[in-house]
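> As input, take start.pdb (PDB, C-alpha atoms):
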```pdb
ATOM      1  CA  ALA K  12     -16.302 -17.228 -26.498  1.00  0.00           C
ATOM      2  CA  GLN K  13     -12.661 -16.539 -25.933  1.00  0.00           C
ATOM      3  CA  LYS K  14     -10.478 -19.396 -24.800  1.00  0.00           C
ATOM      4  CA  ILE K  15      -6.862 -19.708 -23.735  1.00  0.00           C
ATOM      5  CA  THR K  16      -5.007 -23.022 -23.454  1.00  0.00           C
ATOM      6  CA  GLN K  17      -1.677 -23.790 -21.858  1.00  0.00           C
ATOM      7  CA  THR K  18      -0.860 -27.461 -22.279  1.00  0.00           C
ATOM      8  CA  GLN K  19       2.287 -27.645 -20.162  1.00  0.00           C
ATOM      9  CA  PRO K  20       1.442 -28.003 -16.449  1.00  0.00           C
ATOM     10  CA  GLY K  21       5.126 -27.970 -15.552  1.00  0.00           C
ATOM     11  CA  MET K  22       8.482 -27.296 -17.158  1.00  0.00           C
ATOM     12  CA  PHE K  23      11.962 -28.013 -15.827  1.00  0.00           C
ATOM     13  CA  VAL K  24      14.905 -26.207 -17.381  1.00  0.00           C
ATOM     14  CA  GLN K  25      18.582 -25.871 -16.594  1.00  0.00           C
ATOM     15  CA  GLU K  26      19.809 -22.438 -15.646  1.00  0.00           C
ATOM     16  CA  LYS K  27      21.016 -20.329 -18.584  1.00  0.00           C
ATOM     17  CA  GLU K  28      19.041 -22.341 -21.108  1.00  0.00           C
ATOM     18  CA  ALA K  29      16.222 -20.838 -23.149  1.00  0.00           C
ATOM     19  CA  VAL K  30      12.686 -22.020 -22.508  1.00  0.00           C
ATOM     20  CA  THR K  31       9.474 -21.793 -24.500  1.00  0.00           C
ATOM     21  CA  LEU K  32       6.109 -21.785 -22.777  1.00  0.00           C
ATOM     22  CA  ASP K  33       3.212 -22.687 -25.034  1.00  0.00           C
ATOM     23  CA  CYS K  34      -0.062 -20.835 -25.365  1.00  0.00           C
ATOM     24  CA  THR K  35      -2.859 -21.239 -27.884  1.00  0.00           C
ATOM     25  CA  TYR K  36      -6.031 -19.232 -28.065  1.00  0.00           C
ATOM     26  CA  ASP K  37      -9.367 -19.072 -29.781  1.00  0.00           C
ATOM     27  CA  THR K  38     -11.510 -16.055 -30.487  1.00  0.00           C
ATOM     28  CA  SER K  39     -13.898 -14.750 -33.087  1.00  0.00           C
ATOM     29  CA  ASP K  40     -12.916 -11.145 -32.421  1.00  0.00           C
ATOM     30  CA  PRO K  41     -10.455  -9.869 -35.061  1.00  0.00           C
ATOM     31  CA  SER K  42      -9.016  -7.425 -32.548  1.00  0.00           C
ATOM     32  CA  TYR K  43      -7.512  -8.794 -29.367  1.00  0.00           C
ATOM     33  CA  GLY K  44      -4.519  -8.606 -27.096  1.00  0.00           C
ATOM     34  CA  LEU K  45      -2.355 -11.350 -25.693  1.00  0.00           C
ATOM     35  CA  PHE K  46      -0.524 -11.074 -22.394  1.00  0.00           C
ATOM     36  CA  TRP K  47       1.928 -13.052 -20.343  1.00  0.00           C
ATOM     37  CA  TYR K  48       2.117 -12.765 -16.564  1.00  0.00           C
ATOM     38  CA  LYS K  49       4.492 -14.242 -14.019  1.00  0.00           C
ATOM     39  CA  GLN K  50       3.193 -15.241 -10.606  1.00  0.00           C
ATOM     40  CA  PRO K  51       5.823 -16.074  -7.983  1.00  0.00           C
ATOM     41  CA  SER K  52       4.914 -17.981  -4.849  1.00  0.00           C
ATOM     42  CA  SER K  53       4.099 -14.706  -3.099  1.00  0.00           C
ATOM     43  CA  GLY K  54       1.095 -14.373  -5.378  1.00  0.00           C
ATOM     44  CA  GLU K  55       1.412 -11.055  -7.146  1.00  0.00           C
ATOM     45  CA  MET K  56       0.814 -10.926 -10.873  1.00  0.00           C
ATOM     46  CA  ILE K  57       3.779  -9.485 -12.740  1.00  0.00           C
ATOM     47  CA  PHE K  58       3.132  -8.300 -16.286  1.00  0.00           C
ATOM     48  CA  LEU K  59       5.797  -9.512 -18.698  1.00  0.00           C
ATOM     49  CA  ILE K  60       4.848  -8.832 -22.279  1.00  0.00           C
ATOM     50  CA  TYR K  61       1.982  -7.837 -24.570  1.00  0.00           C
ATOM     51  CA  GLN K  62       1.144  -8.589 -28.203  1.00  0.00           C
ATOM     52  CA  GLY K  63      -1.660  -6.954 -30.125  1.00  0.00           C
ATOM     53  CA  SER K  64      -3.447  -8.920 -32.825  1.00  0.00           C
ATOM     54  CA  TYR K  65      -2.539  -6.356 -35.452  1.00  0.00           C
ATOM     55  CA  ASP K  66       1.074  -5.970 -34.429  1.00  0.00           C
ATOM     56  CA  GLN K  67       3.329  -6.868 -37.321  1.00  0.00           C
ATOM     57  CA  GLN K  68       6.350  -7.744 -35.255  1.00  0.00           C
ATOM     58  CA  ASN K  69       6.747 -10.109 -32.338  1.00  0.00           C
ATOM     59  CA  ALA K  70       6.907  -8.348 -29.000  1.00  0.00           C
ATOM     60  CA  THR K  71      10.142  -8.352 -27.035  1.00  0.00           C
ATOM     61  CA  GLU K  72      10.934  -7.142 -23.510  1.00  0.00           C
ATOM     62  CA  GLY K  73      14.448  -7.820 -22.357  1.00  0.00           C
ATOM     63  CA  ARG K  74      14.866 -11.580 -22.000  1.00  0.00           C
ATOM     64  CA  TYR K  75      11.219 -12.160 -22.888  1.00  0.00           C
ATOM     65  CA  SER K  76       9.928 -12.489 -26.394  1.00  0.00           C
ATOM     66  CA  LEU K  77       6.585 -13.566 -27.715  1.00  0.00           C
ATOM     67  CA  ASN K  78       6.461 -15.917 -30.686  1.00  0.00           C
ATOM     68  CA  PHE K  79       3.178 -14.809 -32.230  1.00  0.00           C
ATOM     69  CA  GLN K  80       1.829 -17.065 -34.965  1.00  0.00           C
ATOM     70  CA  LYS K  81      -1.554 -15.633 -35.821  1.00  0.00           C
ATOM     71  CA  ALA K  82      -2.598 -18.277 -38.325  1.00  0.00           C
ATOM     72  CA  ARG K  83      -1.912 -20.993 -35.791  1.00  0.00           C
ATOM     73  CA  LYS K  84      -3.451 -18.935 -32.997  1.00  0.00           C
ATOM     74  CA  SER K  85      -0.441 -19.385 -30.801  1.00  0.00           C
ATOM     75  CA  ALA K  86       1.442 -16.931 -28.619  1.00  0.00           C
ATOM     76  CA  ASN K  87       4.353 -18.736 -27.029  1.00  0.00           C
ATOM     77  CA  LEU K  88       6.593 -17.029 -24.497  1.00  0.00           C
ATOM     78  CA  VAL K  89      10.318 -17.442 -24.944  1.00  0.00           C
ATOM     79  CA  ILE K  90      12.623 -16.736 -22.029  1.00  0.00           C
ATOM     80  CA  SER K  91      16.257 -16.537 -23.004  1.00  0.00           C
ATOM     81  CA  ALA K  92      19.148 -17.289 -20.653  1.00  0.00           C
ATOM     82  CA  SER K  93      16.931 -18.491 -17.844  1.00  0.00           C
ATOM     83  CA  GLN K  94      17.743 -17.566 -14.269  1.00  0.00           C
ATOM     84  CA  LEU K  95      16.876 -19.174 -10.940  1.00  0.00           C
ATOM     85  CA  GLY K  96      14.575 -16.235 -10.242  1.00  0.00           C
ATOM     86  CA  ASP K  97      12.477 -17.159 -13.252  1.00  0.00           C
ATOM     87  CA  SER K  98      11.009 -20.085 -11.326  1.00  0.00           C
ATOM     88  CA  ALA K  99       7.312 -19.266 -10.968  1.00  0.00           C
ATOM     89  CA  MET K 100       3.881 -19.830 -12.466  1.00  0.00           C
ATOM     90  CA  TYR K 101       3.384 -18.296 -15.882  1.00  0.00           C
ATOM     91  CA  PHE K 102      -0.009 -17.385 -17.240  1.00  0.00           C
ATOM     92  CA  CYS K 103      -1.039 -16.536 -20.759  1.00  0.00           C
ATOM     93  CA  ALA K 104      -4.083 -14.296 -21.046  1.00  0.00           C
ATOM     94  CA  MET K 105      -6.225 -12.785 -23.760  1.00  0.00           C
ATOM     95  CA  ARG K 106      -8.447  -9.757 -23.934  1.00  0.00           C
ATOM     96  CA  GLU K 107     -10.927  -9.213 -26.725  1.00  0.00           C
ATOM     97  CA  ALA K 108     -11.529  -5.702 -27.980  1.00  0.00           C
ATOM     98  CA  GLN K 109     -15.296  -6.154 -28.048  1.00  0.00           C
ATOM     99  CA  GLY K 110     -17.643  -6.386 -25.125  1.00  0.00           C
ATOM    100  CA  ALA K 111     -16.419  -6.065 -21.560  1.00  0.00           C
ATOM    101  CA  GLN K 112     -12.787  -6.548 -22.561  1.00  0.00           C
ATOM    102  CA  LYS K 113     -12.264  -9.128 -19.868  1.00  0.00           C
ATOM    103  CA  LEU K 114      -8.848 -10.624 -19.353  1.00  0.00           C
ATOM    104  CA  VAL K 115      -9.168 -14.402 -19.474  1.00  0.00           C
ATOM    105  CA  PHE K 116      -6.324 -16.608 -18.281  1.00  0.00           C
ATOM    106  CA  GLY K 117      -4.969 -19.962 -19.328  1.00  0.00           C
ATOM    107  CA  GLN K 118      -4.347 -22.763 -16.871  1.00  0.00           C
ATOM    108  CA  GLY K 119      -0.770 -21.747 -16.259  1.00  0.00           C
ATOM    109  CA  THR K 120       2.625 -23.422 -16.481  1.00  0.00           C
ATOM    110  CA  ARG K 121       4.843 -23.923 -13.472  1.00  0.00           C
ATOM    111  CA  LEU K 122       8.434 -23.258 -14.534  1.00  0.00           C
ATOM    112  CA  THR K 123      11.286 -24.557 -12.433  1.00  0.00           C
ATOM    113  CA  ILE K 124      14.836 -23.496 -13.180  1.00  0.00           C
ATOM    114  CA  ASN K 125      17.455 -25.937 -11.953  1.00  0.00           C
ATOM    115  CA  PRO K 126      20.969 -24.763 -11.026  1.00  0.00           C
TER     116      PRO K 126
ATOM    117  CA  GLY B   2       3.802   3.004 -13.161  1.00  0.00           C
ATOM    118  CA  ALA B   3       0.195   2.424 -12.213  1.00  0.00           C
ATOM    119  CA  VAL B   4      -0.219   0.994  -8.724  1.00  0.00           C
ATOM    120  CA  VAL B   5      -3.103  -1.006  -7.351  1.00  0.00           C
ATOM    121  CA  SER B   6      -3.231  -1.565  -3.632  1.00  0.00           C
ATOM    122  CA  GLN B   7      -5.195  -4.454  -2.165  1.00  0.00           C
ATOM    123  CA  HIS B   8      -5.964  -4.769   1.521  1.00  0.00           C
ATOM    124  CA  PRO B   9      -5.711  -6.862   3.587  1.00  0.00           C
ATOM    125  CA  SER B  10      -2.997  -9.196   2.345  1.00  0.00           C
ATOM    126  CA  TRP B  11      -4.022 -11.954   4.710  1.00  0.00           C
ATOM    127  CA  VAL B  12      -7.182 -12.561   6.664  1.00  0.00           C
ATOM    128  CA  ILE B  13      -8.170 -15.426   8.904  1.00  0.00           C
ATOM    129  CA  CYS B  14     -11.619 -15.474  10.389  1.00  0.00           C
ATOM    130  CA  LYS B  15     -14.267 -17.733  11.791  1.00  0.00           C
ATOM    131  CA  SER B  16     -16.961 -19.348   9.717  1.00  0.00           C
ATOM    132  CA  GLY B  17     -20.065 -17.208   9.438  1.00  0.00           C
ATOM    133  CA  THR B  18     -18.379 -13.827   9.495  1.00  0.00           C
ATOM    134  CA  SER B  19     -18.270 -11.384   6.620  1.00  0.00           C
ATOM    135  CA  VAL B  20     -14.992 -10.214   5.189  1.00  0.00           C
ATOM    136  CA  LYS B  21     -14.359  -7.056   3.196  1.00  0.00           C
ATOM    137  CA  ILE B  22     -11.443  -6.734   0.776  1.00  0.00           C
ATOM    138  CA  GLU B  23     -10.467  -3.356  -0.631  1.00  0.00           C
ATOM    139  CA  CYS B  24      -8.910  -2.620  -3.982  1.00  0.00           C
ATOM    140  CA  ARG B  25      -7.561   0.872  -4.601  1.00  0.00           C
ATOM    141  CA  SER B  26      -5.970   2.460  -7.632  1.00  0.00           C
ATOM    142  CA  LEU B  27      -3.385   4.799  -6.139  1.00  0.00           C
ATOM    143  CA  ASP B  28      -2.274   6.924  -9.061  1.00  0.00           C
ATOM    144  CA  PHE B  29      -4.970   6.608 -11.696  1.00  0.00           C
ATOM    145  CA  GLN B  30      -8.721   6.597 -11.964  1.00  0.00           C
ATOM    146  CA  ALA B  31     -10.082   3.138 -12.536  1.00  0.00           C
ATOM    147  CA  THR B  32     -13.311   3.123 -14.490  1.00  0.00           C
ATOM    148  CA  THR B  33     -13.352  -0.658 -14.394  1.00  0.00           C
ATOM    149  CA  MET B  34     -12.178  -3.090 -11.754  1.00  0.00           C
ATOM    150  CA  PHE B  35     -12.108  -6.858 -11.909  1.00  0.00           C
ATOM    151  CA  TRP B  36     -12.193  -9.436  -9.141  1.00  0.00           C
ATOM    152  CA  TYR B  37     -10.572 -12.836  -9.561  1.00  0.00           C
ATOM    153  CA  ARG B  38     -10.430 -15.941  -7.419  1.00  0.00           C
ATOM    154  CA  GLN B  39      -7.585 -18.408  -7.474  1.00  0.00           C
ATOM    155  CA  PHE B  40      -7.561 -21.801  -5.809  1.00  0.00           C
ATOM    156  CA  PRO B  41      -4.177 -23.431  -5.038  1.00  0.00           C
ATOM    157  CA  LYS B  42      -2.302 -24.514  -8.140  1.00  0.00           C
ATOM    158  CA  GLN B  43      -5.068 -23.261 -10.398  1.00  0.00           C
ATOM    159  CA  SER B  44      -5.572 -20.320 -12.678  1.00  0.00           C
ATOM    160  CA  LEU B  45      -7.267 -17.012 -11.990  1.00  0.00           C
ATOM    161  CA  MET B  46     -10.997 -17.217 -12.506  1.00  0.00           C
ATOM    162  CA  LEU B  47     -12.864 -14.000 -13.156  1.00  0.00           C
ATOM    163  CA  MET B  48     -15.646 -13.502 -10.640  1.00  0.00           C
ATOM    164  CA  ALA B  49     -17.054 -10.150 -11.654  1.00  0.00           C
ATOM    165  CA  THR B  50     -16.460  -6.908 -13.492  1.00  0.00           C
ATOM    166  CA  SER B  51     -17.385  -3.649 -11.829  1.00  0.00           C
ATOM    167  CA  ASN B  52     -17.737  -0.249 -13.414  1.00  0.00           C
ATOM    168  CA  GLU B  53     -17.728   2.856 -11.264  1.00  0.00           C
ATOM    169  CA  GLY B  54     -21.191   3.887 -10.241  1.00  0.00           C
ATOM    170  CA  SER B  55     -23.012   0.868 -11.629  1.00  0.00           C
ATOM    171  CA  LYS B  56     -23.806  -2.667 -10.561  1.00  0.00           C
ATOM    172  CA  ALA B  57     -21.195  -5.334 -11.012  1.00  0.00           C
ATOM    173  CA  THR B  58     -21.491  -7.918 -13.752  1.00  0.00           C
ATOM    174  CA  TYR B  59     -20.974 -11.383 -12.340  1.00  0.00           C
ATOM    175  CA  GLU B  60     -19.630 -14.379 -14.197  1.00  0.00           C
ATOM    176  CA  GLN B  61     -21.778 -17.441 -14.510  1.00  0.00           C
ATOM    177  CA  GLY B  62     -21.844 -19.501 -11.345  1.00  0.00           C
ATOM    178  CA  VAL B  63     -20.758 -16.680  -9.028  1.00  0.00           C
ATOM    179  CA  GLU B  64     -23.313 -15.922  -6.321  1.00  0.00           C
ATOM    180  CA  LYS B  65     -24.158 -12.237  -6.264  1.00  0.00           C
ATOM    181  CA  ASP B  66     -25.488 -12.344  -2.729  1.00  0.00           C
ATOM    182  CA  LYS B  67     -22.425 -14.183  -1.509  1.00  0.00           C
ATOM    183  CA  PHE B  68     -19.849 -11.910  -3.085  1.00  0.00           C
ATOM    184  CA  LEU B  69     -20.958  -8.310  -2.818  1.00  0.00           C
ATOM    185  CA  ILE B  70     -19.049  -5.862  -4.970  1.00  0.00           C
ATOM    186  CA  ASN B  71     -19.163  -2.117  -4.602  1.00  0.00           C
ATOM    187  CA  HIS B  72     -17.370   0.331  -6.885  1.00  0.00           C
ATOM    188  CA  ALA B  73     -18.455   3.627  -5.424  1.00  0.00           C
ATOM    189  CA  SER B  74     -15.556   5.747  -6.611  1.00  0.00           C
ATOM    190  CA  LEU B  75     -12.995   5.821  -9.394  1.00  0.00           C
ATOM    191  CA  THR B  76     -10.273   4.668  -7.023  1.00  0.00           C
ATOM    192  CA  LEU B  77     -11.963   2.109  -4.802  1.00  0.00           C
ATOM    193  CA  SER B  78     -13.775  -1.168  -5.222  1.00  0.00           C
ATOM    194  CA  THR B  79     -14.651  -3.547  -2.412  1.00  0.00           C
ATOM    195  CA  LEU B  80     -15.462  -7.234  -2.364  1.00  0.00           C
ATOM    196  CA  THR B  81     -17.394  -8.492   0.636  1.00  0.00           C
ATOM    197  CA  VAL B  82     -17.598 -12.215   1.221  1.00  0.00           C
ATOM    198  CA  THR B  83     -20.775 -12.581   3.244  1.00  0.00           C
ATOM    199  CA  SER B  84     -21.237 -15.321   5.827  1.00  0.00           C
ATOM    200  CA  ALA B  85     -17.951 -16.881   4.805  1.00  0.00           C
ATOM    201  CA  HIS B  86     -17.433 -20.615   5.092  1.00  0.00           C
ATOM    202  CA  PRO B  87     -14.309 -22.788   4.742  1.00  0.00           C
ATOM    203  CA  GLU B  88     -15.035 -23.425   1.066  1.00  0.00           C
ATOM    204  CA  ASP B  89     -14.672 -19.677   0.457  1.00  0.00           C
ATOM    205  CA  SER B  90     -11.030 -19.899   1.495  1.00  0.00           C
ATOM    206  CA  SER B  91      -9.014 -18.837  -1.508  1.00  0.00           C
ATOM    207  CA  PHE B  92      -6.715 -16.216  -2.980  1.00  0.00           C
ATOM    208  CA  TYR B  93      -8.663 -13.185  -4.173  1.00  0.00           C
ATOM    209  CA  ILE B  94      -6.997 -10.721  -6.490  1.00  0.00           C
ATOM    210  CA  CYS B  95      -8.277  -7.525  -8.033  1.00  0.00           C
ATOM    211  CA  SER B  96      -7.211  -5.571 -11.056  1.00  0.00           C
ATOM    212  CA  ALA B  97      -8.023  -2.096 -12.284  1.00  0.00           C
ATOM    213  CA  ARG B  98      -8.131  -0.401 -15.642  1.00  0.00           C
ATOM    214  CA  ALA B  99      -8.307   3.274 -16.508  1.00  0.00           C
ATOM    215  CA  GLY B 100     -10.468   2.807 -19.552  1.00  0.00           C
ATOM    216  CA  GLY B 101     -11.244   0.669 -22.544  1.00  0.00           C
ATOM    217  CA  GLY B 102      -8.117  -0.522 -24.255  1.00  0.00           C
ATOM    218  CA  GLN B 103      -5.953   0.382 -21.285  1.00  0.00           C
ATOM    219  CA  PRO B 104      -3.826  -2.249 -19.539  1.00  0.00           C
ATOM    220  CA  GLN B 105      -5.033  -3.966 -16.373  1.00  0.00           C
ATOM    221  CA  HIS B 106      -2.973  -3.486 -13.256  1.00  0.00           C
ATOM    222  CA  PHE B 107      -3.175  -6.078 -10.505  1.00  0.00           C
ATOM    223  CA  GLY B 108      -3.197  -5.810  -6.754  1.00  0.00           C
ATOM    224  CA  ASP B 109      -1.028  -8.158  -4.723  1.00  0.00           C
ATOM    225  CA  GLY B 110      -3.975 -10.309  -3.703  1.00  0.00           C
ATOM    226  CA  THR B 111      -5.640 -11.334  -0.466  1.00  0.00           C
ATOM    227  CA  ARG B 112      -5.298 -14.767   1.075  1.00  0.00           C
ATOM    228  CA  LEU B 113      -8.541 -15.586   2.826  1.00  0.00           C
ATOM    229  CA  SER B 114      -8.717 -18.464   5.276  1.00  0.00           C
ATOM    230  CA  ILE B 115     -12.004 -19.355   6.918  1.00  0.00           C
ATOM    231  CA  LEU B 116     -11.753 -21.583   9.961  1.00  0.00           C
TER     232      LEU B 116
END
```
Will you turn the file into structure tokens for me?

Amino acid sequence: AQKITQTQPGMFVQEKEAVTLDCTYDTSDPSYGLFWYKQPSSGEMIFLIYQGSYDQQNATEGRYSLNFQKARKSANLVISASQLGDSAMYFCAMREAQGAQKLVFGQGTRLTINP
Amino acid sequence: GAVVSQHPSWVICKSGTSVKIECRSLDFQATTMFWYRQFPKQSLMLMATSNEGSKATYEQGVEKDKFLINHASLTLSTLTVTSAHPEDSSFYICSARAGGGQPQHFGDGTRLSIL
């Protein structure tokens, strides 16, 4: 069964610093996708970045990059030059290519950016 | 981009009533829709997967008779919480996908409070 683990319940970072949010996963499916979502206090799920298991390069989207280490089964999110508006819950999620292709979420990390 | 509309955003009702939540894909046809439940400060837990025109597949521990899911068209899925009680109070969020391998797009969620 697929499993996603986020071990950091909360992170506190100074504005303009870079921050890394950890995510590890486990799956027996050789083909899978990894996602990061941001959830502000209003509740909506905002898609940030995607990494496919066969992608050769780490995904990047603006200030977001995904540090994909396949052998270690980790997919950490790196936010560069953090901003006050980055304060939110962040969820890592995985979708296997086989079966129902369900998106399964990690426990989440609450990121707080301090001025 | 793909838009998923979820209605209502908020609902407060008395214990014992049934509540219907709608999830609509506005600009694409959603062959598959997912329903998640999120308790405060916790992650999204998948409740069920629904494919258009067929019965929903419920996750283990989710009561089928309690949470009725209908996916009658390619743009609409509904979740009905029957005979709701205070313990059903939660944040319910849906997502929709055009087809296998396609990204999931989330609605903005529904905050359900049962008095």
> Rounded to one decimal, what separation in Å do you get between CA of Gly110 (chain B) and CA of Glu72 (chain K)?
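Going from CA of Gly110 (chain B) over to CA of Glu72 (chain K), I get 25.0 Å.
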> If I take CA of Phe46 (chain K) and CA of Thr76 (chain B), how far is one from the other in Å, to one decimal?
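Atom-to-atom, CA of Phe46 (chain K) to CA of Thr76 (chain B), that is 24.1 Å.
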> Nearest residue to chain B out of K:Ile57, K:Met22, K:Leu95, K:Ile90, using only C-alpha atoms?
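Nearest to chain B: K:Ile57.
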> Residues of chain B within 8 Å of chain K, counting only C-alpha atoms, what are they? List them as number ranges by chain.
B: 43-47, 50, 101-102, 107-110
> Decode the PyMOL selection byres ((chain B and resi 59-68) around 7) for the given file into explicit residues and return them as a list in words.
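Evaluating the PyMOL selection byres ((chain B and resi 59-68) around 7) on these coordinates yields Leu47, Met48, Ala49, Thr50, Ala57, Thr58, Leu69, Ile70, Leu80, Thr81, Val82 and Thr83 of chain B.
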> Can you tell me which residues surround region 7-15 of chain B at a distance of at most 10 Å, considering all atoms listed in the file, apart from same-chain residues fewer than 3 positions away, and format the answer as a tab-separated table (two decimals) with C-alpha atoms, in the coordinates of the input?

```tsv
chain	number	residue	atom	x	y	z
B	4	VAL	CA	-0.22	0.99	-8.72
B	18	THR	CA	-18.38	-13.83	9.49
B	19	SER	CA	-18.27	-11.38	6.62
B	20	VAL	CA	-14.99	-10.21	5.19
B	21	LYS	CA	-14.36	-7.06	3.20
B	22	ILE	CA	-11.44	-6.73	0.78
B	23	GLU	CA	-10.47	-3.36	-0.63
B	24	CYS	CA	-8.91	-2.62	-3.98
B	25	ARG	CA	-7.56	0.87	-4.60
B	26	SER	CA	-5.97	2.46	-7.63
B	77	LEU	CA	-11.96	2.11	-4.80
B	78	SER	CA	-13.78	-1.17	-5.22
B	79	THR	CA	-14.65	-3.55	-2.41
B	84	SER	CA	-21.24	-15.32	5.83
B	85	ALA	CA	-17.95	-16.88	4.80
B	86	HIS	CA	-17.43	-20.62	5.09
B	87	PRO	CA	-14.31	-22.79	4.74
B	90	SER	CA	-11.03	-19.90	1.50
B	92	PHE	CA	-6.72	-16.22	-2.98
B	93	TYR	CA	-8.66	-13.18	-4.17
B	94	ILE	CA	-7.00	-10.72	-6.49
B	95	CYS	CA	-8.28	-7.52	-8.03
B	96	SER	CA	-7.21	-5.57	-11.06
B	107	PHE	CA	-3.18	-6.08	-10.50
B	108	GLY	CA	-3.20	-5.81	-6.75
B	109	ASP	CA	-1.03	-8.16	-4.72
B	110	GLY	CA	-3.98	-10.31	-3.70
B	111	THR	CA	-5.64	-11.33	-0.47
B	112	ARG	CA	-5.30	-14.77	1.08
B	113	LEU	CA	-8.54	-15.59	2.83
B	114	SER	CA	-8.72	-18.46	5.28
B	115	ILE	CA	-12.00	-19.36	6.92
B	116	LEU	CA	-11.75	-21.58	9.96
```
> What is the distance between CA of Leu75 (chain B) and CA of Ser6 (chain B), in Å to one decimal?
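Computing the Euclidean distance for CA of Leu75 (chain B) and CA of Ser6 (chain B) yields 13.5 Å.
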> Quick one: apply the PyMOL selection byres ((chain K and resi 32) around 8) to the file and drop the selected residues here as number ranges by chain.
K: 19, 30-31, 33-34, 87-89, 120
> When distances are computed from all atoms listed in the file, which of B:Ser16, B:Pro41, B:Asp28, B:Ala73 shows the smallest separation from Lys56 (chain B)?
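Smallest distance to Lys56 (chain B) is found for B:Ala73.
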> Of the residues K:Phe23, K:Tyr48, K:Phe79, K:Tyr36, which is the one nearest to Met105 (chain K), using all atoms listed in the file?
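The closest residue to Met105 (chain K) is K:Tyr36.
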> Choose the residue, out of K:Leu122, K:Ala99, K:Ala70, K:Ala12, that has the smallest atom-to-atom separation from Gln50 (chain K); count all atoms listed in the file.
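Nearest to Gln50 (chain K): K:Ala99.
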